[in-house]
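Raw query00.csv, CSV, C-alpha atoms:
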chain,number,residue,atom,x,y,z
S,1362,MET,CA,17.7,17.6,-0.6
S,1363,THR,CA,15.1,20.1,0.6
S,1364,GLU,CA,11.4,19.5,-0.3
S,1365,ARG,CA,9.2,22.6,-0.5
S,1366,SER,CA,5.5,23.4,-0.5
S,1367,GLY,CA,5.4,26.9,-1.8
S,1368,SER,CA,7.8,28.8,0.5
S,1369,LEU,CA,7.6,26.1,3.2
S,1370,SER,CA,10.3,23.5,3.4
S,1371,LEU,CA,10.6,20.1,5.0
S,1372,SER,CA,13.2,21.7,7.3
S,1373,ASP,CA,10.5,24.1,8.5
S,1374,VAL,CA,8.3,21.1,9.4
S,1375,ALA,CA,11.1,19.4,11.1
S,1376,ARG,CA,12.0,22.5,13.1
S,1377,GLU,CA,8.4,23.1,14.2
S,1378,ALA,CA,8.0,19.5,15.2
S,1379,GLY,CA,11.3,19.5,17.1
S,1380,VAL,CA,12.8,16.6,15.1
S,1381,SER,CA,15.6,16.0,12.6
S,1382,LEU,CA,15.2,16.5,8.9
S,1383,THR,CA,15.6,12.7,8.4
S,1384,THR,CA,13.0,11.9,11.0
S,1385,ALA,CA,10.5,14.3,9.5
S,1386,SER,CA,11.0,12.8,6.1
S,1387,ARG,CA,10.6,9.2,7.4
S,1388,ALA,CA,7.4,10.2,9.3
S,1389,LEU,CA,5.8,11.8,6.3
S,1390,ASN,CA,6.7,8.8,4.0
S,1391,ASP,CA,5.5,6.3,6.6
S,1392,SER,CA,9.0,4.7,6.8
S,1393,TYR,CA,10.4,2.5,9.5
S,1394,GLY,CA,12.4,3.7,12.5
S,1395,VAL,CA,10.0,6.4,13.7
S,1396,SER,CA,7.8,6.0,16.8
S,1397,ALA,CA,4.1,6.3,16.6
S,1398,SER,CA,4.1,9.4,18.8
S,1399,THR,CA,6.8,11.1,16.8
S,1400,LYS,CA,5.1,10.3,13.5
S,1401,ALA,CA,1.8,11.7,14.8
S,1402,LYS,CA,3.5,14.9,15.9
S,1403,VAL,CA,5.2,15.4,12.5
S,1404,LEU,CA,2.0,14.7,10.6
S,1405,ALA,CA,0.1,17.1,12.9
S,1406,THR,CA,2.7,19.8,12.3
S,1407,ALA,CA,2.6,19.2,8.5
S,1408,GLN,CA,-1.2,19.4,8.6
S,1409,ARG,CA,-1.2,22.6,10.6
S,1410,LEU,CA,1.3,24.2,8.2
S,1411,ASP,CA,-0.5,22.9,5.1
S,1412,TYR,CA,2.8,21.3,4.1
S,1413,VAL,CA,2.7,19.1,0.9
S,1414,VAL,CA,5.5,16.9,-0.2
S,1415,SER,CA,6.6,18.4,-3.6
S,1416,PRO,CA,6.0,16.1,-6.6
S,1417,ASP,CA,9.2,17.5,-8.1
S,1418,ALA,CA,11.1,16.5,-5.0
S,1419,VAL,CA,9.6,13.0,-5.2
S,1420,ARG,CA,10.8,12.7,-8.8
S,1421,LEU,CA,14.3,14.0,-7.9
S,1422,ALA,CA,14.4,11.4,-5.1
S,1423,GLY,CA,13.8,8.6,-7.6
S,1424,GLY,CA,11.0,9.4,-9.9
S,1425,ARG,CA,7.3,8.9,-9.6
S,1426,THR,CA,5.8,7.0,-6.8
S,1427,ARG,CA,4.1,4.8,-9.3
S,1428,ARG,CA,1.2,4.5,-6.9
S,1429,VAL,CA,-2.5,5.3,-7.4
S,1430,ALA,CA,-4.9,5.9,-4.5
S,1431,LEU,CA,-8.4,4.4,-4.8
S,1432,VAL,CA,-10.9,6.1,-2.4
S,1433,VAL,CA,-14.2,4.2,-1.9
S,1434,PRO,CA,-17.0,4.6,0.6
S,1435,HIS,CA,-17.7,0.8,0.8
S,1436,ILE,CA,-15.6,-2.2,0.1
S,1437,GLU,CA,-18.1,-4.9,1.0
S,1438,ARG,CA,-20.5,-4.1,-2.0
S,1439,TRP,CA,-19.9,-6.1,-5.2
S,1440,PHE,CA,-19.8,-2.9,-7.3
S,1441,PHE,CA,-16.7,-1.5,-5.5
S,1442,GLY,CA,-15.1,-4.9,-5.5
S,1443,ASP,CA,-15.4,-5.2,-9.2
S,1444,ILE,CA,-14.1,-1.7,-9.7
S,1445,VAL,CA,-11.0,-2.7,-7.7
S,1446,ASN,CA,-10.5,-5.8,-9.8
S,1447,GLY,CA,-10.8,-3.8,-13.1
S,1448,LEU,CA,-8.4,-1.1,-11.9
S,1449,THR,CA,-5.8,-3.5,-10.5
S,1450,ALA,CA,-5.7,-5.5,-13.8
S,1451,VAL,CA,-4.9,-2.5,-15.9
S,1452,LEU,CA,-2.7,-0.6,-13.4
S,1453,SER,CA,-0.5,-3.6,-12.7
S,1454,SER,CA,0.1,-4.1,-16.4
S,1455,ALA,CA,1.4,-0.5,-16.4
S,1456,ASP,CA,3.6,-1.2,-13.4
S,1457,LEU,CA,1.4,1.0,-11.1
S,1458,ASP,CA,0.4,0.0,-7.6
S,1459,LEU,CA,-3.0,0.6,-6.1
S,1460,LEU,CA,-3.5,1.9,-2.5
S,1461,LEU,CA,-7.0,1.3,-1.2
S,1462,TYR,CA,-8.6,3.8,1.2
S,1463,GLN,CA,-12.1,3.3,2.6
S,1464,VAL,CA,-14.0,6.4,3.7
S,1465,ASP,CA,-17.4,5.2,4.7
S,1466,SER,CA,-18.4,8.2,6.9
S,1467,ALA,CA,-18.1,11.9,6.9
S,1468,ALA,CA,-15.4,11.7,9.6
S,1469,ASP,CA,-13.4,9.2,7.6
S,1470,ARG,CA,-13.5,11.5,4.5
S,1471,LEU,CA,-12.5,14.5,6.5
S,1472,ASP,CA,-9.5,12.7,8.0
S,1473,PHE,CA,-8.5,11.3,4.6
S,1474,PHE,CA,-8.6,14.6,2.7
S,1475,THR,CA,-6.9,16.4,5.5
S,1476,ARG,CA,-4.0,14.0,5.9
S,1477,LEU,CA,-3.3,12.7,2.5
S,1478,PRO,CA,-1.7,15.9,1.0
S,1479,ALA,CA,0.9,16.0,3.7
S,1480,ARG,CA,1.7,12.3,3.1
S,1481,ARG,CA,1.9,12.6,-0.7
S,1482,LYS,CA,2.6,9.0,-1.6
S,1483,VAL,CA,0.6,8.7,-4.9
S,1484,ASP,CA,0.7,10.0,-8.5
S,1485,ALA,CA,-3.1,10.0,-9.0
S,1486,VAL,CA,-6.3,9.5,-7.0
S,1487,VAL,CA,-9.4,7.6,-8.2
S,1488,VAL,CA,-12.6,8.4,-6.3
S,1489,VAL,CA,-15.5,6.0,-6.6
S,1490,GLY,CA,-19.2,6.5,-5.8
S,1491,PHE,CA,-19.3,9.9,-4.0
S,1492,PRO,CA,-19.0,13.5,-4.9
S,1493,VAL,CA,-15.8,15.4,-4.0
S,1494,ALA,CA,-16.9,18.5,-2.1
S,1495,PRO,CA,-15.2,21.9,-2.7
S,1496,ARG,CA,-13.1,21.7,0.4
S,1497,GLU,CA,-12.0,18.2,-0.6
S,1498,GLN,CA,-11.1,19.4,-4.1
S,1499,GLU,CA,-8.9,22.1,-2.5
S,1500,ARG,CA,-7.0,19.5,-0.5
S,1501,LEU,CA,-6.5,17.3,-3.6
S,1502,ALA,CA,-5.3,20.4,-5.6
S,1503,LEU,CA,-2.6,20.9,-3.0
S,1504,MET,CA,-1.1,17.5,-4.0
S,1505,GLY,CA,-0.7,18.4,-7.7
S,1506,VAL,CA,-1.8,15.0,-8.8
S,1507,ASP,CA,-4.3,13.7,-11.3
S,1508,ILE,CA,-7.9,12.9,-10.2
S,1509,VAL,CA,-10.2,10.5,-11.9
S,1510,ALA,CA,-13.8,9.7,-10.8
S,1511,ALA,CA,-15.9,6.5,-11.3
S,1512,GLY,CA,-19.6,6.0,-10.5
S,1513,GLY,CA,-20.6,9.6,-11.0
S,1514,GLN,CA,-19.1,12.9,-10.0
S,1515,SER,CA,-20.0,16.6,-9.5
S,1516,ALA,CA,-16.5,18.0,-9.8
S,1517,ASP,CA,-14.7,18.7,-13.1
S,1518,TYR,CA,-12.6,15.5,-13.2
S,1519,PRO,CA,-12.4,12.9,-16.0
S,1520,TYR,CA,-14.9,10.2,-15.1
S,1521,VAL,CA,-16.5,7.0,-16.1
S,1522,CYS,CA,-20.1,6.0,-15.2
S,1523,ILE,CA,-23.3,4.7,-16.7
S,1524,ASP,CA,-26.2,6.9,-17.8
S,1525,ASP,CA,-28.5,6.3,-14.9
S,1526,TYR,CA,-31.4,7.9,-16.7
S,1527,GLN,CA,-30.9,5.6,-19.8
S,1528,ALA,CA,-30.7,2.6,-17.5
S,1529,GLY,CA,-33.9,3.5,-15.8
S,1530,ARG,CA,-35.7,4.0,-19.0
S,1531,GLN,CA,-34.5,0.6,-20.3
S,1532,ALA,CA,-36.0,-0.9,-17.2
S,1533,VAL,CA,-39.3,0.9,-17.0
S,1534,ASP,CA,-39.9,1.0,-20.7
S,1535,HIS,CA,-39.6,-2.8,-20.7
S,1536,LEU,CA,-42.4,-3.0,-18.1
S,1537,VAL,CA,-44.6,-0.5,-20.1
S,1538,GLU,CA,-44.0,-2.5,-23.3
S,1539,LEU,CA,-45.2,-5.6,-21.5
S,1540,GLY,CA,-48.5,-3.8,-20.8
S,1541,HIS,CA,-48.0,-2.6,-17.2
S,1542,SER,CA,-49.4,0.7,-16.1
S,1543,ARG,CA,-49.5,0.3,-12.3
S,1544,ILE,CA,-45.8,0.3,-11.6
S,1545,ALA,CA,-44.3,0.7,-8.2
S,1546,MET,CA,-40.8,2.1,-7.7
S,1547,ILE,CA,-38.3,1.4,-4.8
S,1548,ALA,CA,-35.6,3.9,-4.9
S,1549,ALA,CA,-32.6,4.0,-2.6
S,1550,HIS,CA,-30.0,6.5,-1.3
S,1551,ASP,CA,-26.7,6.0,0.5
S,1552,PRO,CA,-27.1,7.4,4.0
S,1553,ASP,CA,-23.4,8.2,4.1
S,1554,GLN,CA,-23.8,10.5,1.1
S,1555,PRO,CA,-26.8,12.7,2.0
S,1556,GLY,CA,-28.3,14.8,-0.8
S,1557,TRP,CA,-26.3,13.1,-3.6
S,1558,PRO,CA,-27.2,12.8,-6.3
S,1559,ALA,CA,-29.4,15.9,-6.1
S,1560,ARG,CA,-31.7,14.4,-8.7
S,1561,SER,CA,-31.7,10.6,-9.4
S,1562,GLY,CA,-31.6,9.8,-13.0
S,1563,ARG,CA,-33.3,6.4,-12.3
S,1564,SER,CA,-36.2,8.2,-10.6
S,1565,GLU,CA,-36.5,10.7,-13.4
S,1566,ALA,CA,-36.6,7.9,-15.9
S,1567,TYR,CA,-39.5,6.3,-14.0
S,1568,VAL,CA,-41.5,9.5,-14.0
S,1569,ASP,CA,-40.9,10.1,-17.7
S,1570,ALA,CA,-41.7,6.6,-18.7
S,1571,ILE,CA,-44.9,6.6,-16.8
S,1572,ALA,CA,-45.8,10.0,-18.2
S,1573,ALA,CA,-45.1,8.8,-21.7
S,1574,LYS,CA,-47.9,6.2,-21.1
S,1575,GLY,CA,-50.3,9.1,-20.4
S,1576,ILE,CA,-50.8,8.4,-16.6
S,1577,ASP,CA,-49.7,10.2,-13.5
S,1578,VAL,CA,-47.3,8.8,-11.0
S,1579,ASP,CA,-49.1,7.5,-8.0
S,1580,ASP,CA,-47.0,8.5,-5.0
S,1581,VAL,CA,-48.4,5.8,-2.9
S,1582,LEU,CA,-46.5,3.3,-5.1
S,1583,VAL,CA,-43.1,5.0,-4.5
S,1584,ARG,CA,-40.7,4.5,-1.7
S,1585,ASP,CA,-37.2,5.9,-1.1
S,1586,VAL,CA,-35.2,3.9,1.5
S,1587,ASP,CA,-31.6,3.6,2.8
S,1588,TRP,CA,-29.6,1.3,0.5
S,1589,GLY,CA,-30.1,-2.5,1.2
S,1590,GLY,CA,-32.2,-5.5,0.4
S,1591,LEU,CA,-33.9,-5.7,3.8
S,1592,ASN,CA,-35.0,-2.0,3.5
S,1593,ALA,CA,-36.4,-2.8,0.1
S,1594,ALA,CA,-38.3,-5.8,1.6
S,1595,SER,CA,-39.9,-3.4,4.1
S,1596,ALA,CA,-40.7,-0.9,1.4
S,1597,MET,CA,-42.4,-3.5,-0.6
S,1598,ALA,CA,-44.5,-4.5,2.4
S,1599,SER,CA,-45.4,-0.9,3.0
S,1600,ILE,CA,-46.6,-0.5,-0.6
S,1601,LEU,CA,-48.8,-3.6,-0.5
S,1602,ASP,CA,-50.3,-2.5,2.8
S,1603,ALA,CA,-51.1,0.9,1.4
S,1604,VAL,CA,-53.0,-0.5,-1.6
S,1605,PRO,CA,-54.4,-3.8,-0.5
S,1606,ASP,CA,-57.3,-3.7,-3.0
S,1607,ASN,CA,-55.3,-2.4,-6.0
S,1608,PRO,CA,-51.7,-3.6,-5.8
S,1609,PRO,CA,-49.1,-2.8,-8.4
S,1610,THR,CA,-48.6,-5.2,-11.2
S,1611,ALA,CA,-44.9,-4.5,-11.5
S,1612,VAL,CA,-42.0,-3.1,-9.5
S,1613,PHE,CA,-39.0,-1.1,-10.7
S,1614,ALA,CA,-36.1,-1.3,-8.2
S,1615,HIS,CA,-33.1,1.0,-8.4
S,1616,SER,CA,-30.8,-2.0,-8.0
S,1617,ASP,CA,-30.9,-5.8,-8.1
S,1618,GLU,CA,-30.3,-6.0,-4.3
S,1619,LEU,CA,-33.5,-3.9,-3.8
S,1620,ALA,CA,-35.3,-6.0,-6.4
S,1621,LEU,CA,-34.4,-9.2,-4.5
S,1622,GLY,CA,-35.6,-7.7,-1.3
S,1623,ALA,CA,-38.9,-6.8,-2.9
S,1624,ILE,CA,-39.3,-10.4,-4.3
S,1625,ARG,CA,-38.8,-11.8,-0.8
S,1626,THR,CA,-41.8,-9.8,0.5
S,1627,LEU,CA,-43.9,-10.7,-2.5
S,1628,HIS,CA,-43.3,-14.4,-2.0
S,1629,ARG,CA,-44.0,-14.2,1.7
S,1630,ARG,CA,-47.4,-12.5,0.8
S,1631,GLY,CA,-48.3,-15.4,-1.4
S,1632,LEU,CA,-47.8,-13.4,-4.7
S,1633,ARG,CA,-46.2,-15.0,-7.7
S,1634,VAL,CA,-43.4,-13.4,-9.7
S,1635,PRO,CA,-44.0,-12.6,-12.5
S,1636,GLU,CA,-47.6,-14.0,-12.7
S,1637,ASP,CA,-49.0,-11.6,-10.1
S,1638,VAL,CA,-46.2,-8.9,-10.0
S,1639,SER,CA,-43.2,-8.4,-12.3
S,1640,VAL,CA,-39.9,-7.2,-10.8
S,1641,ILE,CA,-36.9,-5.6,-12.5
S,1642,GLY,CA,-33.7,-4.2,-11.2
S,1643,ILE,CA,-30.5,-2.5,-12.4
S,1644,ASP,CA,-26.9,-3.6,-12.2
S,1645,ASP,CA,-26.8,-7.4,-13.1
S,1646,HIS,CA,-25.5,-8.2,-9.6
S,1647,PRO,CA,-23.8,-11.6,-9.4
S,1648,LEU,CA,-27.0,-12.9,-7.8
S,1649,ALA,CA,-29.2,-11.7,-10.6
S,1650,GLU,CA,-28.3,-14.5,-13.0
S,1651,LEU,CA,-28.5,-17.1,-10.2
S,1652,THR,CA,-32.0,-15.9,-9.3
S,1653,ASP,CA,-33.1,-15.4,-12.9
S,1654,LEU,CA,-33.8,-11.7,-12.2
S,1655,THR,CA,-34.6,-9.4,-15.1
S,1656,THR,CA,-32.2,-6.5,-14.9
S,1657,VAL,CA,-30.3,-3.8,-16.7
S,1658,HIS,CA,-26.7,-4.9,-17.0
S,1659,GLN,CA,-23.7,-2.7,-16.2
S,1660,SER,CA,-20.1,-3.8,-16.0
S,1661,ALA,CA,-18.4,-2.4,-12.9
S,1662,ARG,CA,-15.2,-4.2,-13.7
S,1663,GLU,CA,-15.1,-2.6,-17.1
S,1664,GLN,CA,-15.6,0.8,-15.5
S,1665,GLY,CA,-12.6,0.0,-13.3
S,1666,ARG,CA,-10.6,-0.8,-16.4
S,1667,ILE,CA,-11.7,2.4,-18.0
S,1668,ALA,CA,-10.8,4.5,-14.9
S,1669,ALA,CA,-7.4,2.9,-14.9
S,1670,ARG,CA,-6.8,3.9,-18.5
S,1671,LEU,CA,-7.9,7.4,-17.8
S,1672,VAL,CA,-5.3,7.5,-15.0
S,1673,ILE,CA,-2.6,6.2,-17.4
S,1674,GLU,CA,-3.5,8.8,-20.0
S,1675,ALA,CA,-3.4,11.6,-17.4
S,1676,LEU,CA,0.0,10.5,-16.2
S,1677,ALA,CA,1.3,10.4,-19.8
S,1678,VAL,CA,0.1,14.0,-20.3
S,1679,ARG,CA,1.9,15.1,-17.1
S,1680,ALA,CA,5.0,13.4,-18.5
S,1681,GLY,CA,4.7,15.4,-21.7
S,1682,ALA,CA,3.0,12.9,-24.0
S,1683,GLY,CA,-0.5,12.1,-25.2
S,1684,THR,CA,-3.7,14.1,-24.8
S,1685,ALA,CA,-5.8,14.9,-21.8
S,1686,PRO,CA,-8.3,12.1,-21.0
S,1687,GLY,CA,-12.0,12.6,-21.6
S,1688,SER,CA,-15.0,11.2,-19.7
S,1689,VAL,CA,-16.6,8.0,-20.7
S,1690,THR,CA,-20.3,6.8,-20.4
S,1691,ALA,CA,-20.3,3.0,-20.1
S,1692,PRO,CA,-23.0,1.1,-21.9
S,1693,THR,CA,-26.0,-0.7,-20.3
S,1694,LYS,CA,-28.1,-3.5,-21.6
S,1695,LEU,CA,-31.5,-4.9,-20.8
S,1696,LEU,CA,-31.4,-8.6,-19.8
S,1697,VAL,CA,-34.8,-10.2,-19.8
S,1698,ARG,CA,-35.0,-13.2,-17.5
S,1699,SER,CA,-37.9,-14.8,-15.7
S,1700,THR,CA,-39.1,-12.1,-13.2
S,1701,THR,CA,-41.0,-10.0,-15.7
S,1702,GLY,CA,-44.0,-10.8,-17.9
S,1703,ALA,CA,-47.2,-9.3,-19.1
S,1704,PRO,CA,-49.9,-8.5,-16.5
S,1705,ARG,CA,-52.8,-11.0,-16.5
S,1706,GLY,CA,-55.3,-10.2,-19.2
S,1707,ALA,CA,-53.0,-7.6,-20.9
S,1708,VAL,CA,-51.9,-7.4,-24.5
S,1709,ARG,CA,-48.2,-6.6,-24.9
S,1710,ARG,CA,-47.5,-3.2,-26.4
S,1711,GLY,CA,-45.5,-2.7,-29.6

Show me this structure written as C-alpha cells.
Amino acid sequence: MTERSGSLSLSDVAREAGVSLTTASRALNDSYGVSASTKAKVLATAQRLDYVVSPDAVRLAGGRTRRVALVVPHIERWFFGDIVNGLTAVLSSADLDLLLYQVDSAADRLDFFTRLPARRKVDAVVVVGFPVAPREQERLALMGVDIVAAGGQSADYPYVCIDDYQAGRQAVDHLVELGHSRIAMIAAHDPDQPGWPARSGRSEAYVDAIAAKGIDVDDVLVRDVDWGGLNAASAMASILDAVPDNPPTAVFAHSDELALGAIRTLHRRGLRVPEDVSVIGIDDHPLAELTDLTTVHQSAREQGRIAARLVIEALAVRAGAGTAPGSVTAPTKLLVRSTTGAPRGAVRRG
C-alpha cells in the first residue's frame, strides 16, 4: 500500500533516503528492525520533503491509531500532573492511549512540531499551558488531526480553562470585603513562554478590584517574577524593604506556590499571618489545604477530564457522528481558610 502526502508518496521518501519501502515505513512508525542512523536519515528526509503519513492510509492499514498526544511544557508541576490524571481516566475508558511529550523550551517545541507530522502516530493532540504559534499551527494542520487546548489558548481550537479574571476578582474582592485597601500583588510568568499571556486576567482583576474601592494601584506594592515559590519569597522581601514604614496589610499572589513563598518571608520578618498581613492565592494546590491557605479553587483534574471529552467528541465528528465540541470555562470557588482576616482596627465591609 502506498501512503501519500498530497502528491508525495512514501515511495518517494524511501527513494530519496536510499532505503526500501518497508524500511521507510518502519522508520516513520518507530518500529523495530531499523538502526538509529537509518531511522534518523528517513526522518530527516521526510522532514525535508514535508511528508506526512496519510490518516486515510493509517485507517486502511488497520483503522485509527487510537492514540492521543499530550504536549506539556512541564511535568513536575502539580497542575500538569492532575491534567494527565484526568485525561488518562477518560481516554482509557474510551480505549484511547495517551502519549506524553514534554516541550519545556523553545528548542524542544521547535523539534516536536517539526518532527511529529512526519511521524503521524496519533488521532488528536492536546496542548496544555502554552499558545500554539502560527508556524506550529501550520505543522499541526499538516497532520489532519483534531487539536484541543487546556489551560488557555490563543489559536482557534476547542479549549478548557478557568476564567483567570474571575478567579482574580474572587481573591482580591475577598481581601477588599475584609477591609483591606493596601494590597500587594505578586504576579508571575513562565520564562519559557515569554509574552504570554499578553494581558494577565489575574493582574487585570487586581487593578479593577482596587479601583472599585476608589484608590489607585501603588506600583511599589506590585512585583512580577519568574514562576516559583522562592522567587515569590524574594519578591515579598523586596516589597517590605521598599515600604518599611507602611507595609501592605494583604498580599494577593497569582498562585498558591507564590503565596506560600510570600508567607515564608513574612514569617522570617516576624510578621504574623493573618494578624499583620493576610495572604491569598489561586489554584488550591495540594499544599494549600495542608497549610490552611486561603485560595481560589480550580480543579486541574476535572479540566483534564473535560479536555478528554472534547477529544472524544471531535473524533466522533470525524467519524461522521455527533456535533463539533465547544469550549468550556471551568468553575472556580473561593475557599476561606486561616491566612486571611480583617486588618487590625478595620470594620469588615458588606

Practice task
Provide the atom CA of S:Tyr1412 to atom CA of S:Pro1519 distance in Å, to one decimal place.
Solution key: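 Taking atom CA of S:Tyr1412 as the start and atom CA of S:Pro1519 as the end point, the length is 26.6 Å.
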
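With all atoms listed in the file as the basis for measurement, S:Gly1529 is the residue among S:Gly1702, S:Gly1665, S:Gly1642, S:Gly1529 that approaches S:Ala1570 most closely.
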
Handout entry: Spatial neighbours of S:Leu1651, max dist 12 Å, all atoms listed in the file, sep filter under 2 positions, as number ranges by chain
Key = S: 1617, 1621, 1645-1649, 1653-1655, 1698-1699

Exercise for the section: Just the residues within 12 Å of stretch 1448-1460 of chain S, please, counting only C-alpha atoms, with nothing from its chain fewer than 6 positions along; format it as a PyMOL selection string. Expected result: chain S and resi 1425-1433+1441-1442+1477+1482-1489+1509+1511+1661-1674+1676-1677

Problem - Shortest interatomic distance to S:Pro1635 - which of S:Leu1501, S:Leu1539, S:Ala1528, S:Ile1436, counting only C-alpha atoms - result: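 Using only C-alpha atoms, S:Pro1635 sits closest to S:Leu1539.
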
Practice task
Find, counting all atoms listed in the file, the residue in S:Thr1626, S:Ser1542, S:Ser1639, S:Thr1701 that gets nearest to S:Ala1596.
Solution key: S:Thr1626

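Take atom CA of S:Val1533 and atom CA of S:Ala1572: the distance between them is 11.2 Å.
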
Practice task
In the coordinates of the file, take the point (-14.4, 6.0, -20.7) and a cut-off of 6 Å; then, counting all atoms listed in the file, name each qualifying protein, DNA or RNA residue as a list in words.
Solution key: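 Residues with an atom at most 6 Å from (-14.4, 6.0, -20.7): Val1521, Ile1667, Ser1688, Val1689 and Thr1690 of chain S.
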
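Of the residues listed (S:Arg1530, S:Lys1400, S:His1541, S:Arg1584), S:Arg1530 shows the shortest atom-to-atom separation from S:Asp1569; distances use all atoms listed in the file.
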
Exercise for the section: Report the distance between atom CA of S:Val1380 and atom CA of S:Val1403 in Å, rounded to one decimal place. Expected result: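 The value is 8.1 Å.
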
Problem - S:Pro1492, S:Gly1575, S:Pro1605, S:Gly1589 ranked by distance to S:Pro1558, top pick (using only C-alpha atoms) - result: S:Pro1492

Problem - Residue list as a PyMOL selection string for point (-44.9, -0.5, -20.2), cut-off 10 Å, all atoms listed in the file - result: chain S and resi 1532-1544+1570-1571+1573-1574+1611+1703+1709-1711

Practice task
For S:Val1586, list every protein, DNA or RNA residue within 8 Å, evaluated using all atoms listed in the file, and leave out those in the same chain fewer than 4 positions away; present the list as a list in words.
Solution key: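 So, after excluding close chain neighbours, the residues are Ile1547, Ala1548, Ala1549, His1550, Asn1592, Ala1593 and Ala1596 of chain S.
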